[in-house]
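See structure below.
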Amino acid sequence: MDQDLDLLKRCLSGEGSAWEALLRAYTRKVYNLCYRFTGRAHDAEDLTQEVFIKIFQTLASYDAAQGTFSTWLHRVARNHLVDHYRRTKKDRVTGSIEDDLATIEEKPSPGAGPVGQVEARERKELLQQALDKLSPDLREAVVLRDLHDLDYLEIAQVLGVPQGTVKSRINRGRLELARVLKRMEEIGGPAKAGGEP
Amino acid sequence: MTHVEVENLASDYLEGLLNPPSRAAVEAHLAECGACSELVAGVRRVLELCRSAEDLEPAPWLVSKIMRATVGERQPTLYERLTALFRPVLQPRVAYSVAMTVFSFSIIINAAGLNLSHLSFADLNPRTWFSRANRAGHLAYARAEKFYYDLRVVYEIESRFRQLRVQPQEQEQETPKPEAPPAGSTEGAPLGQKQLASTEGWGGELLGQAGRAPSAVRSLAEFAMQGRSETP
């Protein structure tokens, strides 16, 4: 935390190398958050860049009293993703689970490479497809808690809602994910649904 | 406990956040209700799936792209500029070539007999280089030849010594051990005196002394004489 504050001060004094260090420290986190929301690497890269441009422009407005830099960064990123979601809502056509399963089957069969890697990749794809089926409110709560390891207080600060709401959203999100995965399993067979019996 | 209540407590139950009575109530419901039990098992799998999910790696160029988009092209420091300037030269193959060139030049300078601290105009003449190199070559050849012949003599002496070491042992085995001659005895003298009469110069003196010396030294002196008589 102190390291972040030090980097922040140096950034504000115009030190380019400090900004680069901050970027290197957080690009991966922001990229993963963006990817979990969009499900597409290319969109996630564009959104990561936009988020960091916004952070660069509003760096001076960060107040350490309101939370850690990481929480503030997540909040800026999340707000930008929500804006992006609303902006692109009209363009987006929500597909059904059946469509997604069709795209899984079109991919090349995982004959090459160790079995563990293939299973891990399948699980990753499966998780992302299931997350895409959640509503944004539930998805962001689950992603921040279970994939980004933020605690309830941090998530409440990021989302700007009470902790009770956060807890409820996380639980509902997990239940919904479980139902989605079950439906995917029923449609695609047990081999497609995570490998866990 | 109802289905909805169990659903609401599913996460708390799986994360171990429930108090014992609530936990017992949930477990009692799960034992009876197959649908809720299946749902809780599904949530458990979701948690496992999320925890085993690894972070995705962004493209390596993303940071530099964002840097360009925010602070623009960064001006390289003096050190980075110098490094960039010398990067093509600072390669192993260049270092190897330079080392070989220096090595070759040192050989040429040595062969040409140039003294770099005292260079004269004559040193700049290639003909001088050639004549010096020629001389150095001949000298080296002569030294090598001399060394080779010296080596032959040494080997010859060595082989004689080896023979002489074997001979006394055989003699000792064949003949009974003679009594030690008294001091000042001239028992070994006949051979030495005989050869002394037929030789001259230092070889003869050496043989004369060898008459009183152990047989190994005597044979060495013989060999030296032999070599002397062979040389013109």
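Just remember, in the structure tokens the first chain shown is A, the second B, etc., residues are 1-based per chain, and ligands are 1-based in the order shown.
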
**Message:** Only residues of chain A matter here; which ones have an atom within 6 Å of chain B, counting only C-alpha atoms? Give them as a ChimeraX atom specification.
**Reply:** /A:49,53,146-147,171,174-175,178

Store the residues picked out above in a file with C-alpha atoms, as a CSV table (one decimal), in the first residue's frame.
chain,number,residue,atom,x,y,z
A,49,GLN,CA,-6.3,1.0,-22.1
A,53,ILE,CA,-6.3,6.6,-19.6
A,146,ASP,CA,-14.2,-15.1,-6.2
A,147,LEU,CA,-11.8,-14.2,-9.0
A,171,ASN,CA,-24.8,-15.6,-3.0
A,174,ARG,CA,-23.1,-18.2,-7.2
A,175,LEU,CA,-26.5,-19.9,-7.2
A,178,ALA,CA,-24.5,-23.3,-10.4

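Going from CA of Val94 (chain B) over to CA of Tyr79 (chain B), you cover 21.0 Å.
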
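One distance worth recording is that between CA of Trp129 (chain B) and CA of Thr101 (chain B), which is 18.4 Å.
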
**Prompt:** What is the distance between CA of Leu12 (chain A) and CA of His148 (chain A), in Å to one decimal?
**Reply:**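 It comes out at 27.1 Å.
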